[in-house]
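Comments concern the structure below.
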Amino acid sequence: MLAKIGINLISLVAQIINFGLLFFILSRFLYKPLLRLFEERAKKISQGLKAAEENLKEKAKLEAQKKLEMKKTQEAMEKLLNQAKIEAKKQSALIIENARQTAKREAAKEAEILRQKLYEEEKQLKAKMAKMVIELTKKTLKEVLGETEQKKVFAHQLKKLKSVNFN
Amino acid sequence: MEEVEKIVTGFIKFLRTSGKLHLLPQILKILKKEAQQIEEENTAVVTSAQPLGEAELTEIEKELIHLFGHKLTIINEVNPNILGGFIIRVADRIVDLSLNNYLEELKEKITHENN
């Protein structure tokens, strides 16, 4: 029957044996190591992918952390900057106020010095004027006072003598 | 005067008997000083710009008796620089009622008067 369809039984058996042998050999020495190799490779790839995924996750986490830190730092910086601005404003106001007070004090001091100087000058002038007037009066009196006037002055001063305390 | 002589003689006798006659020169010095002081106390030097007349001197004498309780010898000195009025000096006490002093006081008052 096999012959009718053109198949040689012996050849078929030999082919089957051949195939069996090839299958055995291949499965024993090639297929299994290849499979093991593929499995290892697949495992490695899987591990690599997992590691990459973890890396990505870690990276994302780090990015998020970094962003958070950045935000915190920025906030802290802004806070510091604001504080510095407020402090600078305060300091500037204080410096201006101090300068104003110092200027006021200096002006008052200058005014006082000037006032004192004017007072001294006025006093000196007054003394000079008084001296001049009195000297002039003395000179005039020396020339003008006659015997009659002298007697009048004497009488006037004698009245004063009554109330004098000699002790 | 006799009384004075009696006192002095008695005093010298006392010094001789007490052996202190050698102190007489020093006692005399002190007595001279005392006498000078008493004389000064009883003398009033009146300085005026012009010589004072009898009437004026009498007026002053009266006032001085009133002030000191006894009579003082008055010496009139003339100094035209006092201008008018008078200055009385008795020992180390002075009363200046001269015009010059009045003007000087006026000058001081004007100079030190507050503005």
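Labels used: A, B, ... for chains in the order of the structure tokens, numbers from 1 for residues in each chain, and numbers from 1 for ligands as shown.
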Using only C-alpha atoms, determine which residues lie at most 8 Å from B:Leu21, disregarding the query and same-chain residues fewer than 4 positions distant; provide the list as a ChimeraX atom specification. /B:12,15-16
For the contact check between chain A and chain B, emit one row per residue of chain A within 12 Å, containing the shortest atom pair and the distance in Å rounded to one decimal, counting only C-alpha atoms, chain then rising number order, as a Markdown table.
| residue | atom | partner | partner_atom | distance |
| --- | --- | --- | --- | --- |
| A:Leu118 | CA | B:Asn115 | CA | 11.4 |
| A:Tyr119 | CA | B:Asn115 | CA | 8.5 |
| A:Glu120 | CA | B:Asn115 | CA | 11.1 |
| A:Glu121 | CA | B:Thr111 | CA | 11.8 |
| A:Glu122 | CA | B:Asn115 | CA | 9.0 |
| A:Lys123 | CA | B:Thr111 | CA | 6.7 |
| A:Gln124 | CA | B:Thr111 | CA | 8.0 |
| A:Leu125 | CA | B:Thr111 | CA | 8.9 |
| A:Lys126 | CA | B:Thr111 | CA | 5.8 |
| A:Ala127 | CA | B:Thr111 | CA | 4.7 |
| A:Lys128 | CA | B:Thr111 | CA | 8.4 |
| A:Met129 | CA | B:Thr111 | CA | 8.7 |
| A:Ala130 | CA | B:Lys107 | CA | 5.5 |
| A:Lys131 | CA | B:Lys107 | CA | 6.5 |
| A:Met132 | CA | B:Lys107 | CA | 9.5 |
| A:Val133 | CA | B:Lys107 | CA | 8.5 |
| A:Ile134 | CA | B:Leu103 | CA | 6.4 |
| A:Glu135 | CA | B:Leu103 | CA | 8.9 |
| A:Leu136 | CA | B:Leu103 | CA | 10.8 |
| A:Thr137 | CA | B:Leu103 | CA | 8.4 |
| A:Lys138 | CA | B:Leu83 | CA | 7.2 |
| A:Lys139 | CA | B:Leu83 | CA | 9.1 |
| A:Thr140 | CA | B:Leu83 | CA | 10.0 |
| A:Leu141 | CA | B:Leu83 | CA | 6.9 |
| A:Lys142 | CA | B:Leu83 | CA | 5.9 |
| A:Glu143 | CA | B:Leu83 | CA | 9.5 |
| A:Val144 | CA | B:Leu83 | CA | 10.2 |
| A:Leu145 | CA | B:Leu83 | CA | 8.1 |
| A:Gly146 | CA | B:Gln50 | CA | 9.7 |
| A:Glu147 | CA | B:Gln50 | CA | 8.3 |
| A:Thr148 | CA | B:Gly84 | CA | 11.3 |
| A:Glu149 | CA | B:Gly84 | CA | 8.7 |
| A:Gln150 | CA | B:Gly84 | CA | 5.9 |
| A:Lys151 | CA | B:Gly85 | CA | 8.4 |
| A:Lys152 | CA | B:Gly85 | CA | 9.0 |
| A:Val153 | CA | B:Gly85 | CA | 5.6 |
| A:Phe154 | CA | B:Gly85 | CA | 4.8 |
| A:Ala155 | CA | B:Gly85 | CA | 8.3 |
| A:His156 | CA | B:Gly85 | CA | 8.2 |
| A:Gln157 | CA | B:Gly85 | CA | 6.0 |
| A:Leu158 | CA | B:Ile60 | CA | 7.4 |
| A:Lys159 | CA | B:Glu63 | CA | 9.5 |
| A:Lys160 | CA | B:Leu97 | CA | 7.9 |
| A:Leu161 | CA | B:Glu63 | CA | 7.4 |
| A:Lys162 | CA | B:Glu63 | CA | 6.6 |
| A:Ser163 | CA | B:Leu67 | CA | 9.3 |
| A:Val164 | CA | B:Val95 | CA | 7.8 |
| A:Asn165 | CA | B:Leu67 | CA | 7.9 |
| A:Phe166 | CA | B:Arg93 | CA | 6.8 |
| A:Asn167 | CA | B:Arg93 | CA | 7.4 |
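The smallest atom-to-atom distance between B:Lys71 and any of B:Glu34, B:Glu105, B:Glu41, B:Glu2, using only C-alpha atoms, is found for B:Glu41.
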Give me the residues near B:Ile74 as a ChimeraX atom specification, where near means some atom within 8 Å (using only C-alpha atoms) and where sequence neighbours in that chain fewer than 3 positions away do not count. /B:43-46,57,61
